[in-house]
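Peer 1: Got a structure for you, model32.txt, holding compact mmCIF, C-alpha atoms.
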# COMPACT_ATOMS: atom_id res chain seq x y z
CA MET A 1 16.28 -66.11 -6.79
CA LEU A 2 17.48 -63.90 -9.64
CA SER A 3 15.28 -64.59 -12.65
CA LYS A 4 16.25 -64.96 -16.28
CA ARG A 5 15.12 -61.96 -18.30
CA ILE A 6 13.03 -61.83 -21.49
CA ILE A 7 13.69 -58.69 -23.51
CA PRO A 8 11.73 -57.64 -26.59
CA CYS A 9 13.76 -55.40 -28.86
CA LEU A 10 12.13 -52.63 -30.87
CA ASP A 11 13.90 -51.11 -33.85
CA ILE A 12 12.94 -47.46 -34.21
CA GLN A 13 13.07 -45.38 -37.35
CA ASN A 14 11.80 -41.79 -37.32
CA GLY A 15 9.90 -42.50 -34.10
CA GLN A 16 8.15 -45.68 -35.32
CA THR A 17 8.83 -49.35 -34.64
CA VAL A 18 10.25 -51.39 -37.49
CA LYS A 19 11.93 -54.77 -37.72
CA GLY A 20 14.33 -55.83 -40.37
CA VAL A 21 14.83 -59.48 -41.17
CA ASN A 22 18.59 -59.98 -41.47
CA PHE A 23 18.75 -56.18 -41.22
CA VAL A 24 17.04 -55.59 -44.60
CA ASN A 25 13.40 -55.45 -45.84
CA ILE A 26 12.26 -53.10 -43.09
CA ARG A 27 8.53 -52.82 -42.39
CA GLU A 28 6.57 -50.92 -39.76
CA VAL A 29 4.96 -52.67 -36.79
CA GLY A 30 3.56 -49.85 -34.65
CA ASP A 31 3.92 -47.11 -32.02
CA PRO A 32 6.89 -47.82 -29.73
CA VAL A 33 5.28 -46.53 -26.52
CA GLU A 34 2.08 -48.52 -27.09
CA LEU A 35 4.05 -51.64 -27.99
CA GLY A 36 6.34 -51.13 -24.99
CA LYS A 37 3.37 -50.84 -22.63
CA GLN A 38 1.81 -53.97 -24.06
CA TYR A 39 5.04 -55.90 -23.52
CA SER A 40 5.39 -54.54 -20.01
CA ASP A 41 1.80 -55.59 -19.18
CA GLN A 42 2.50 -59.06 -20.59
CA GLY A 43 5.51 -59.52 -18.31
CA ALA A 44 8.50 -58.42 -20.39
CA ASP A 45 11.40 -57.86 -17.99
CA GLU A 46 13.11 -55.09 -19.90
CA LEU A 47 12.92 -53.42 -23.28
CA VAL A 48 15.53 -52.35 -25.79
CA PHE A 49 14.86 -49.52 -28.27
CA LEU A 50 17.37 -49.28 -31.09
CA ASP A 51 17.35 -46.12 -33.17
CA ILE A 52 18.18 -46.99 -36.76
CA THR A 53 17.52 -43.46 -38.01
CA ALA A 54 20.43 -41.91 -39.84
CA THR A 55 19.24 -38.30 -40.02
CA HIS A 56 19.66 -35.47 -37.51
CA GLU A 57 15.88 -34.83 -37.47
CA GLY A 58 15.26 -38.50 -36.78
CA ARG A 59 17.66 -38.36 -33.81
CA LYS A 60 15.76 -35.48 -32.25
CA THR A 61 12.54 -37.44 -32.68
CA PHE A 62 14.20 -40.37 -30.90
CA VAL A 63 15.17 -38.29 -27.84
CA GLU A 64 11.57 -37.05 -27.63
CA LEU A 65 10.40 -40.65 -27.89
CA VAL A 66 12.74 -41.70 -25.04
CA LYS A 67 11.06 -39.09 -22.82
CA ARG A 68 7.64 -40.53 -23.65
CA ILE A 69 8.85 -44.08 -22.98
CA ALA A 70 10.34 -43.09 -19.61
CA ALA A 71 7.15 -41.31 -18.59
CA ASN A 72 4.89 -44.22 -19.51
CA LEU A 73 6.83 -47.42 -18.76
CA ASN A 74 7.51 -48.87 -15.31
CA ILE A 75 10.19 -51.38 -16.30
CA PRO A 76 13.83 -50.70 -17.26
CA PHE A 77 14.79 -49.92 -20.82
CA THR A 78 17.95 -49.61 -22.85
CA VAL A 79 18.39 -47.32 -25.82
CA GLY A 80 20.96 -47.66 -28.55
CA GLY A 81 21.94 -46.49 -32.00
CA GLY A 82 24.05 -43.53 -33.00
CA ILE A 83 25.71 -42.95 -29.62
CA SER A 84 29.28 -41.92 -30.35
CA GLU A 85 30.18 -39.48 -27.59
CA LEU A 86 29.42 -38.56 -23.99
CA LYS A 87 26.98 -35.82 -24.90
CA ASP A 88 24.79 -38.27 -26.87
CA ALA A 89 24.61 -40.49 -23.79
CA ASP A 90 23.96 -37.53 -21.52
CA LYS A 91 20.93 -36.47 -23.61
CA LEU A 92 19.47 -39.97 -23.41
CA LEU A 93 20.10 -40.22 -19.65
CA ALA A 94 18.40 -36.84 -19.16
CA ALA A 95 15.47 -38.09 -21.26
CA GLY A 96 15.08 -41.00 -18.81
CA ALA A 97 16.92 -43.97 -20.34
CA ASP A 98 18.14 -46.57 -17.81
CA LYS A 99 20.95 -47.87 -19.99
CA ILE A 100 22.54 -47.11 -23.30
CA SER A 101 23.92 -49.61 -25.76
CA ILE A 102 26.96 -48.85 -27.89
CA ASN A 103 28.26 -50.97 -30.74
CA SER A 104 30.24 -49.58 -33.72
CA SER A 105 31.32 -46.48 -31.79
CA ALA A 106 32.93 -48.69 -29.11
CA ILE A 107 34.86 -50.61 -31.76
CA LYS A 108 36.09 -47.40 -33.40
CA ASN A 109 36.87 -45.77 -30.05
CA PRO A 110 37.17 -48.29 -27.18
CA ASP A 111 38.02 -45.44 -24.74
CA LEU A 112 34.37 -44.41 -25.05
CA ILE A 113 33.45 -47.38 -22.83
CA ASP A 114 35.83 -46.17 -20.08
CA GLN A 115 34.52 -42.61 -20.35
CA LEU A 116 30.86 -43.62 -20.22
CA ALA A 117 31.45 -45.97 -17.26
CA LEU A 118 33.36 -43.27 -15.39
CA HIS A 119 30.73 -40.59 -15.99
CA PHE A 120 27.51 -42.55 -15.69
CA GLY A 121 28.49 -45.83 -13.97
CA SER A 122 28.92 -49.29 -15.45
CA GLN A 123 25.24 -50.13 -14.91
CA PHE A 124 24.42 -47.57 -17.61
CA VAL A 125 26.70 -49.04 -20.29
CA VAL A 126 25.74 -52.03 -22.44
CA VAL A 127 28.28 -53.00 -25.08
CA ALA A 128 26.56 -54.67 -28.04
CA ILE A 129 28.58 -56.96 -30.27
CA ASP A 130 27.32 -58.26 -33.63
CA ALA A 131 29.63 -61.11 -34.57
CA ARG A 132 29.83 -63.63 -37.38
CA GLU A 133 31.43 -67.08 -37.30
CA THR A 134 33.56 -68.21 -40.23
CA ASN A 135 35.41 -71.54 -39.97
CA GLY A 136 35.17 -71.51 -36.18
CA HIS A 137 36.44 -67.95 -35.86
CA TRP A 138 34.05 -65.35 -34.40
CA GLU A 139 34.66 -61.83 -35.67
CA ALA A 140 32.88 -58.68 -34.50
CA THR A 141 31.21 -56.71 -37.29
CA MET A 142 29.96 -53.14 -37.68
CA HIS A 143 27.00 -51.42 -39.31
CA GLY A 144 24.49 -54.21 -39.11
CA GLY A 145 26.98 -56.93 -39.95
CA ARG A 146 28.19 -55.38 -43.19
CA ILE A 147 31.71 -54.41 -42.12
CA PRO A 148 34.22 -56.81 -40.52
CA THR A 149 36.36 -55.25 -37.80
CA GLY A 150 39.26 -57.63 -37.26
CA LYS A 151 38.24 -57.89 -33.58
CA GLU A 152 37.74 -61.38 -32.22
CA LEU A 153 34.46 -61.78 -30.30
CA PHE A 154 35.74 -63.27 -27.04
CA SER A 155 38.75 -61.01 -26.52
CA TRP A 156 36.69 -57.95 -27.49
CA ALA A 157 33.90 -58.85 -25.04
CA LYS A 158 36.44 -59.31 -22.24
CA GLU A 159 38.13 -56.03 -23.13
CA ALA A 160 34.75 -54.27 -23.01
CA GLU A 161 34.14 -55.75 -19.53
CA ASN A 162 37.59 -54.65 -18.35
CA ARG A 163 36.96 -51.14 -19.65
CA GLY A 164 33.80 -50.86 -17.56
CA ALA A 165 30.86 -52.28 -19.54
CA GLY A 166 28.03 -53.36 -17.25
CA GLU A 167 26.53 -55.89 -19.66
CA ILE A 168 27.31 -57.52 -22.99
CA LEU A 169 24.62 -57.91 -25.67
CA PHE A 170 25.84 -60.50 -28.17
CA THR A 171 24.07 -60.98 -31.50
CA SER A 172 25.13 -63.86 -33.71
CA MET A 173 24.85 -62.69 -37.31
CA ASN A 174 24.85 -66.35 -38.38
CA HIS A 175 21.71 -66.98 -36.34
CA ASP A 176 19.90 -63.64 -36.59
CA GLY A 177 16.66 -63.94 -38.56
CA THR A 178 16.97 -67.71 -39.04
CA LYS A 179 14.61 -68.73 -36.19
CA GLN A 180 16.77 -71.85 -35.72
CA GLY A 181 17.85 -71.18 -32.13
CA PHE A 182 20.52 -69.10 -30.37
CA ALA A 183 24.31 -69.48 -30.75
CA ASN A 184 24.48 -71.54 -27.55
CA ALA A 185 28.05 -72.83 -27.83
CA ALA A 186 29.51 -69.34 -28.31
CA LEU A 187 27.18 -67.95 -25.65
CA ALA A 188 28.21 -70.53 -23.06
CA ARG A 189 31.86 -69.74 -23.74
CA LEU A 190 31.18 -66.00 -23.39
CA SER A 191 29.20 -66.49 -20.20
CA GLU A 192 32.06 -68.48 -18.65
CA LEU A 193 34.54 -65.81 -19.66
CA LEU A 194 32.60 -62.79 -18.42
CA THR A 195 31.79 -61.73 -14.86
CA ILE A 196 29.08 -59.28 -16.04
CA PRO A 197 25.60 -60.27 -17.29
CA LEU A 198 25.21 -61.55 -20.85
CA ILE A 199 22.20 -60.85 -23.08
CA ALA A 200 21.76 -63.19 -26.05
CA SER A 201 20.25 -62.16 -29.35
CA GLY A 202 19.70 -63.75 -32.74
CA GLY A 203 17.93 -66.95 -33.69
CA ALA A 204 14.85 -67.16 -31.46
CA GLY A 205 12.06 -69.02 -33.25
CA THR A 206 10.37 -71.21 -30.64
CA MET A 207 9.88 -71.34 -26.87
CA GLU A 208 12.27 -74.32 -26.73
CA HIS A 209 15.00 -72.06 -28.11
CA PHE A 210 14.74 -69.95 -24.96
CA SER A 211 14.96 -72.92 -22.59
CA GLU A 212 18.02 -74.12 -24.53
CA LEU A 213 19.47 -70.62 -24.32
CA PHE A 214 19.24 -70.56 -20.53
CA GLN A 215 20.21 -74.19 -19.99
CA PHE A 216 23.01 -74.57 -22.54
CA GLY A 217 23.85 -71.01 -23.61
CA LYS A 218 24.10 -69.92 -19.93
CA ALA A 219 22.87 -66.43 -20.83
CA ASP A 220 21.32 -64.14 -18.24
CA ALA A 221 18.75 -62.71 -20.65
CA GLY A 222 17.27 -63.51 -24.04
CA LEU A 223 16.38 -60.83 -26.55
CA ALA A 224 14.13 -61.14 -29.60
CA ALA A 225 12.05 -58.96 -31.87
CA SER A 226 9.88 -60.29 -34.69
CA ILE A 227 8.59 -63.40 -32.89
CA PHE A 228 7.14 -61.06 -30.26
CA HIS A 229 6.05 -58.31 -32.65
CA PHE A 230 4.18 -60.68 -34.93
CA GLY A 231 2.60 -62.59 -32.05
CA GLU A 232 4.34 -65.88 -32.82
CA ILE A 233 5.27 -66.24 -29.15
CA ALA A 234 3.27 -64.55 -26.36
CA ILE A 235 5.42 -63.60 -23.35
CA PRO A 236 3.04 -65.09 -20.72
CA ASP A 237 3.10 -68.43 -22.60
CA LEU A 238 6.89 -68.29 -22.90
CA LYS A 239 7.26 -67.67 -19.18
CA SER A 240 4.90 -70.51 -18.20
CA TYR A 241 6.83 -72.79 -20.51
CA LEU A 242 10.20 -71.77 -19.04
CA ARG A 243 8.81 -72.23 -15.51
CA SER A 244 7.73 -75.77 -16.46
CA CYS A 245 11.35 -76.40 -17.56
CA GLY A 246 12.58 -75.41 -14.10
CA ILE A 247 13.96 -72.03 -15.22
CA THR A 248 13.40 -69.13 -12.84
CA VAL A 249 11.39 -66.36 -14.48
CA ARG A 250 9.36 -63.51 -13.02
CA MET B 1 1.01 -33.42 -0.07
CA LYS B 2 4.45 -32.17 -1.03
CA ILE B 3 7.09 -34.72 -2.01
CA ALA B 4 10.68 -33.63 -2.55
CA ILE B 5 13.09 -35.73 -4.58
CA ILE B 6 16.62 -34.81 -3.60
CA LYS B 7 18.58 -33.61 -6.62
CA TYR B 8 22.29 -34.28 -6.59
CA ASN B 9 25.00 -35.60 -8.90
CA ALA B 10 23.32 -38.98 -9.42
CA GLY B 11 21.83 -40.58 -12.50
CA ASN B 12 18.23 -41.04 -13.60
CA ILE B 13 16.38 -39.16 -10.85
CA GLN B 14 13.78 -38.28 -13.48
CA SER B 15 12.44 -41.86 -13.42
CA VAL B 16 11.33 -41.49 -9.80
CA GLU B 17 9.42 -38.33 -10.64
CA TYR B 18 7.76 -40.06 -13.59
CA ALA B 19 6.76 -43.00 -11.37
CA LEU B 20 5.13 -40.68 -8.83
CA ARG B 21 3.35 -38.84 -11.63
CA ARG B 22 1.92 -42.17 -12.86
CA LEU B 23 0.47 -42.54 -9.34
CA GLY B 24 -1.09 -39.09 -9.65
CA VAL B 25 1.37 -37.44 -7.23
CA ASP B 26 3.39 -34.38 -8.11
CA ALA B 27 6.91 -34.21 -6.77
CA VAL B 28 9.54 -31.52 -6.93
CA VAL B 29 13.12 -32.44 -7.83
CA THR B 30 15.23 -30.09 -5.75
CA GLY B 31 18.64 -29.57 -4.19
CA ASP B 32 17.35 -26.64 -2.10
CA PRO B 33 17.73 -27.50 1.61
CA ALA B 34 14.77 -25.31 2.67
CA GLU B 35 12.47 -26.93 0.14
CA ILE B 36 13.59 -30.43 1.14
CA ALA B 37 13.15 -29.70 4.85
CA ALA B 38 9.64 -28.32 4.26
CA ALA B 39 8.36 -31.31 2.24
CA ASP B 40 5.89 -33.82 3.70
CA LYS B 41 7.96 -36.70 2.36
CA VAL B 42 11.44 -36.95 0.91
CA ILE B 43 12.86 -39.40 -1.61
CA PHE B 44 16.62 -39.88 -1.81
CA PRO B 45 17.23 -41.77 -5.05
CA GLY B 46 20.48 -42.59 -6.67
CA VAL B 47 22.66 -44.39 -9.09
CA GLY B 48 26.36 -43.66 -8.86
CA GLU B 49 29.56 -44.07 -6.90
CA ALA B 50 29.58 -43.78 -3.08
CA SER B 51 32.66 -41.66 -2.34
CA THR B 52 32.08 -38.95 -4.96
CA THR B 53 28.40 -38.79 -4.05
CA MET B 54 29.14 -38.46 -0.30
CA ALA B 55 31.66 -35.71 -1.13
CA TYR B 56 28.98 -33.92 -3.14
CA LEU B 57 26.41 -34.23 -0.34
CA LYS B 58 28.90 -32.82 2.18
CA GLU B 59 29.92 -29.97 -0.08
CA HIS B 60 26.28 -28.97 -0.50
CA ARG B 61 25.50 -29.57 3.20
CA LEU B 62 22.89 -32.14 2.29
CA ASP B 63 24.48 -34.81 4.54
CA LYS B 64 23.46 -33.17 7.81
CA LEU B 65 20.11 -32.13 6.36
CA ILE B 66 19.18 -35.69 5.39
CA THR B 67 20.08 -37.20 8.78
CA GLU B 68 18.02 -34.53 10.57
CA LEU B 69 14.84 -35.00 8.54
CA ARG B 70 11.78 -35.91 10.66
CA GLN B 71 9.27 -36.69 7.89
CA PRO B 72 9.20 -40.09 6.12
CA VAL B 73 12.30 -40.50 3.93
CA LEU B 74 12.78 -43.17 1.25
CA GLY B 75 16.28 -43.96 0.02
CA ILE B 76 16.59 -45.87 -3.26
CA CYS B 77 19.57 -47.99 -4.40
CA LEU B 78 22.68 -45.87 -3.77
CA GLY B 79 20.42 -43.85 -1.45
CA LEU B 80 20.08 -46.95 0.78
CA GLN B 81 23.82 -47.57 0.74
CA LEU B 82 24.64 -43.96 1.66
CA MET B 83 22.18 -44.12 4.56
CA CYS B 84 24.23 -46.99 6.06
CA SER B 85 27.27 -46.51 8.31
CA HIS B 86 30.06 -47.31 5.86
CA SER B 87 30.55 -48.44 2.27
CA GLU B 88 33.41 -50.53 0.94
CA GLU B 89 33.07 -48.56 -2.30
CA GLY B 90 35.91 -46.06 -2.02
CA ASP B 91 36.17 -46.94 1.73
CA THR B 92 33.51 -44.29 2.40
CA PRO B 93 32.05 -43.26 5.77
CA CYS B 94 28.34 -42.75 5.04
CA LEU B 95 25.38 -41.03 6.74
CA GLY B 96 25.06 -43.61 9.54
CA ILE B 97 21.27 -43.61 9.73
CA PHE B 98 21.29 -47.42 9.59
CA ASP B 99 23.94 -49.45 11.43
CA GLU B 100 24.42 -51.90 8.56
CA LYS B 101 27.62 -51.91 6.52
CA VAL B 102 27.84 -51.97 2.72
CA ARG B 103 30.08 -54.53 1.00
CA LYS B 104 30.86 -55.55 -2.56
CA PHE B 105 29.43 -58.78 -3.98
CA SER B 106 32.10 -61.41 -4.43
CA LEU B 107 31.69 -64.03 -7.13
CA ARG B 108 30.53 -67.06 -5.12
CA HIS B 109 30.57 -69.59 -7.94
CA ASP B 110 30.68 -72.33 -5.30
CA LEU B 111 27.19 -71.27 -4.17
CA LEU B 112 25.83 -69.93 -7.46
CA PRO B 113 27.40 -71.19 -10.67
CA GLY B 114 27.42 -68.51 -13.36
CA MET B 115 26.98 -65.71 -10.80
CA LYS B 116 27.58 -62.23 -12.31
CA VAL B 117 28.28 -58.84 -10.78
CA PRO B 118 26.48 -56.40 -10.94
CA HIS B 119 23.42 -58.15 -9.51
CA MET B 120 21.17 -57.06 -12.35
CA GLY B 121 17.57 -58.01 -12.95
CA TRP B 122 14.48 -59.19 -11.09
CA ASN B 123 14.83 -60.94 -7.75
CA THR B 124 12.40 -61.89 -4.98
CA LEU B 125 11.60 -59.82 -1.89
CA THR B 126 11.18 -61.99 1.20
CA SER B 127 10.72 -61.73 5.00
CA LEU B 128 8.83 -58.47 4.54
CA LYS B 129 8.16 -56.23 7.53
CA SER B 130 6.89 -52.67 8.14
CA ASP B 131 4.07 -50.66 6.58
CA LEU B 132 6.09 -50.14 3.39
CA PHE B 133 5.05 -53.64 2.30
CA ASP B 134 1.77 -55.59 2.19
CA PRO B 135 1.64 -59.35 2.78
CA SER B 136 0.69 -59.65 -0.91
CA LEU B 137 4.18 -58.49 -1.88
CA GLU B 138 5.99 -61.40 -0.18
CA ASN B 139 8.00 -63.33 -2.80
CA GLN B 140 7.20 -60.79 -5.51
CA TYR B 141 9.97 -59.45 -7.73
CA GLY B 142 11.83 -56.15 -7.54
CA TYR B 143 14.28 -54.84 -10.14
CA PHE B 144 17.87 -54.61 -8.86
CA VAL B 145 21.04 -53.12 -10.37
CA HIS B 146 23.94 -52.96 -7.94
CA SER B 147 27.40 -54.28 -7.12
CA TYR B 148 27.35 -53.34 -3.42
CA PHE B 149 24.86 -54.45 -0.79
CA ALA B 150 23.98 -53.89 2.87
CA ASP B 151 24.32 -56.89 5.18
CA PRO B 152 21.17 -58.09 6.91
CA GLY B 153 20.82 -56.52 10.35
CA PRO B 154 18.38 -55.22 12.96
CA ASP B 155 16.99 -52.59 10.53
CA THR B 156 16.32 -55.09 7.73
CA ILE B 157 12.66 -55.15 6.61
CA ALA B 158 13.10 -57.16 3.38
CA VAL B 159 15.62 -59.81 2.42
CA CYS B 160 16.91 -60.79 -1.01
CA HIS B 161 19.35 -63.62 -1.82
CA TYR B 162 22.29 -63.33 -4.23
CA PRO B 163 23.23 -66.02 -3.34
CA GLU B 164 23.63 -65.08 0.31
CA PRO B 165 21.00 -62.96 2.07
CA PHE B 166 21.29 -59.17 1.99
CA SER B 167 19.05 -56.24 2.92
CA ALA B 168 16.56 -55.52 0.13
CA ALA B 169 15.04 -52.85 2.40
CA LEU B 170 15.83 -51.12 5.70
CA ASN B 171 13.79 -49.09 8.17
CA LYS B 172 14.57 -47.15 11.31
CA GLY B 173 12.04 -44.61 12.63
CA ASN B 174 11.07 -42.30 9.80
CA PHE B 175 13.83 -43.57 7.52
CA TYR B 176 13.06 -46.20 4.88
CA ALA B 177 15.32 -47.44 2.12
CA VAL B 178 15.13 -50.01 -0.67
CA GLN B 179 18.02 -51.53 -2.63
CA PHE B 180 15.85 -52.28 -5.67
CA HIS B 181 14.27 -49.67 -7.93
CA PRO B 182 10.53 -49.39 -7.15
CA GLU B 183 10.20 -46.86 -9.98
CA LYS B 184 11.28 -49.63 -12.39
CA SER B 185 9.67 -52.62 -10.65
CA GLY B 186 6.35 -52.73 -12.51
CA SER B 187 3.15 -52.95 -10.46
CA VAL B 188 5.03 -54.27 -7.39
CA GLY B 189 7.19 -51.15 -7.30
CA ALA B 190 4.20 -48.90 -7.86
CA LYS B 191 2.47 -50.50 -4.85
CA ILE B 192 5.52 -49.90 -2.65
CA LEU B 193 5.75 -46.24 -3.72
CA GLU B 194 2.03 -45.90 -3.03
CA ASN B 195 2.52 -47.37 0.45
CA PHE B 196 5.30 -44.87 1.09
CA ILE B 197 3.08 -42.00 -0.04
CA LEU B 198 0.35 -43.21 2.35
CA LEU B 199 2.69 -43.43 5.38
CA LYS B 200 1.64 -41.17 8.23
CA ALA B 201 4.13 -38.40 8.97
Written as structure tokens, how would this file's structure read?

Peer 2:
Amino acid sequence: MLSKRIIPCLDIQNGQTVKGVNFVNIREVGDPVELGKQYSDQGADELVFLDITATHEGRKTFVELVKRIAANLNIPFTVGGGISELKDADKLLAAGADKISINSSAIKNPDLIDQLALHFGSQFVVVAIDARETNGHWEATMHGGRIPTGKELFSWAKEAENRGAGEILFTSMNHDGTKQGFANAALARLSELLTIPLIASGGAGTMEHFSELFQFGKADAGLAASIFHFGEIAIPDLKSYLRSCGITVR
Amino acid sequence: MKIAIIKYNAGNIQSVEYALRRLGVDAVVTGDPAEIAAADKVIFPGVGEASTTMAYLKEHRLDKLITELRQPVLGICLGLQLMCSHSEEGDTPCLGIFDEKVRKFSLRHDLLPGMKVPHMGWNTLTSLKSDLFDPSLENQYGYFVHSYFADPGPDTIAVCHYPEPFSAALNKGNFYAVQFHPEKSGSVGAKILENFILLKA
């Protein structure tokens, strides 16, 4: 049976892992390749590396890092951050990335999704959506939640699927960093609406939050960062717990 | 030992080379027919679309070359599908090494609520046969990413369910193929690649 996936996410700045809480107060937590290998050995199903570097030099460092990750890891990984045209994606594919994740650039230029899917296949294209709920209305945001876009979460996710996205990575800005659980109601609605896999992000604090995510949020994968980086939840323990809840995990 | 990885217009071939390197085996990524023909073992990887890839193989005369190889050959993902007789993707006649046909997953929500396509993630390998697998690999997980699949048939040496059974691996003579990505399937995948490397020519 297809298992539910657990995905640690590593934020990368100038080649090092960092994690922001609510996207501010960034602090370093280690070498991305070493961390990635540790997660892989512990049973992580996939990894996501997000480049939050703004500079050109930092970008070059990231492509070099992707090569090292590909050479050393034997599980799939997605890279994201700063991909705004085909040639960015091509560099990352050549470096060995299995998938790329696009976010703000897809909102600014939705045709990019079609172009990437056509050139590299849908399996290569993850569309990430950071959305915030206000009075029951979910709106996609850009640049780490700072800029509203006017795009409604559900219609935008469906549009991304129709344009050729292979997966949707939804982060609830209301839940991110709170450790109070995932946005299960919105996730369940998204999962019903989409025919492609859904990765949930934002709000993981306990192992119970993951069982609720899979049972009520109907997501195909759960992504988290700090709870894994700071050792609050160990992946083998999380998987045993989920197995005891009757959820299929590897 | 010389291992050739067939280079063509498909994505992420590099990963296969990296996986072999982790096993201490050097491989050459090449589109040169002479070099492929002379290798001890050949890997035919692939992520992409069936009709454009078949057109590319024909244009570069790799189609005939692949079907005439006598050494152990391992197709991966799209490689498996192209080694079958026909793919629904672009209504494409394929290499015909295996008799099985390739079809698109349909959303069988009656059998599997919440089913998504592509079939993406880790799924179990069952009913294992052939020297590509050990008994220890039965019910272990492989990493899959695909929207098309080969039906089970006489060449099937591993079965996966999504939700209905399909061929997770095929074998006929010197030709082997896997639908999952051994290069991305952790220690299970590494073991399968190792078994392929150890196959007698």

Peer 1: Output as a PyMOL selection string the set of chain B residues within 8 Å of chain A, with distances taken over only C-alpha atoms.

Peer 2: chain B and resi 11-12+14-15+18-19+22+47-49+114-118+120-124+141+145-146+160-163+183-187

Peer 1: Tell me, as a VMD selection string, which residues lie within 12 Å of Met142 in chain A, counting only C-alpha atoms; anything in the same chain fewer than 6 positions away does not count.

Peer 2: chain A and resid 81 102 to 108 128 to 132 148 to 151 171 173

Peer 1: Interatomic distance between CA of Gly164 in chain A and CA of Ser87 in chain B?

Peer 2: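 Pair CA of Gly164 in chain A / CA of Ser87 in chain B returns 20.2 Å.
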
Peer 1: Would you work out the distance separating CA of Ile52 in chain A from CA of Ile168 in chain A, expressed in Å to one decimal?

Peer 2: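 Between CA of Ile52 in chain A and CA of Ile168 in chain A the gap works out to 19.6 Å.
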
Peer 1: Of the candidates A:Ile6, A:Gly15, A:Glu34, A:Asp88, which shows the shortest atom-to-atom distance to Glu57 in chain A, using all atoms listed in the file?

Peer 2: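 Of A:Ile6, A:Gly15, A:Glu34, A:Asp88, the one nearest Glu57 in chain A is A:Gly15, counting all atoms listed in the file.
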
Peer 1: Would you compute the distance between CA of Ala200 in chain A and CA of His175 in chain A? Give it in Å to one decimal.

Peer 2: 11.0 Å

Peer 1: Dig up all the protein and nucleic acid residues within 9 Å of (18.9, -49.4, -3.6) in the file frame, using only C-alpha atoms, and format them as a PyMOL selection string.

Peer 2: chain B and resi 45-47+75-81+144-146+149+168-169+177-181

Peer 1: Do you know which residues lie at most 6 Å from (7.9, -35.0, -9.8), with coordinates as in the file and all atoms listed in the file counted, and could you write them as a PyMOL selection string?

Peer 2: chain B and resi 17+26-28

Peer 1: Check the smallest atom-to-atom distance from each of B:Asn9, B:Ile3, B:Gly96, B:His109 to Val29 in chain B using all atoms listed in the file, then report the winner.

Peer 2: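 Distance minimum relative to Val29 in chain B lands on B:Ile3.
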
Peer 1: Given the choices B:Asp40, B:Glu68, B:Asp63, B:Asp151, which gets closest to Leu199 in chain B if the distance is worked out from only C-alpha atoms?

Peer 2: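 Using only C-alpha atoms, Leu199 in chain B sits closest to B:Asp40.
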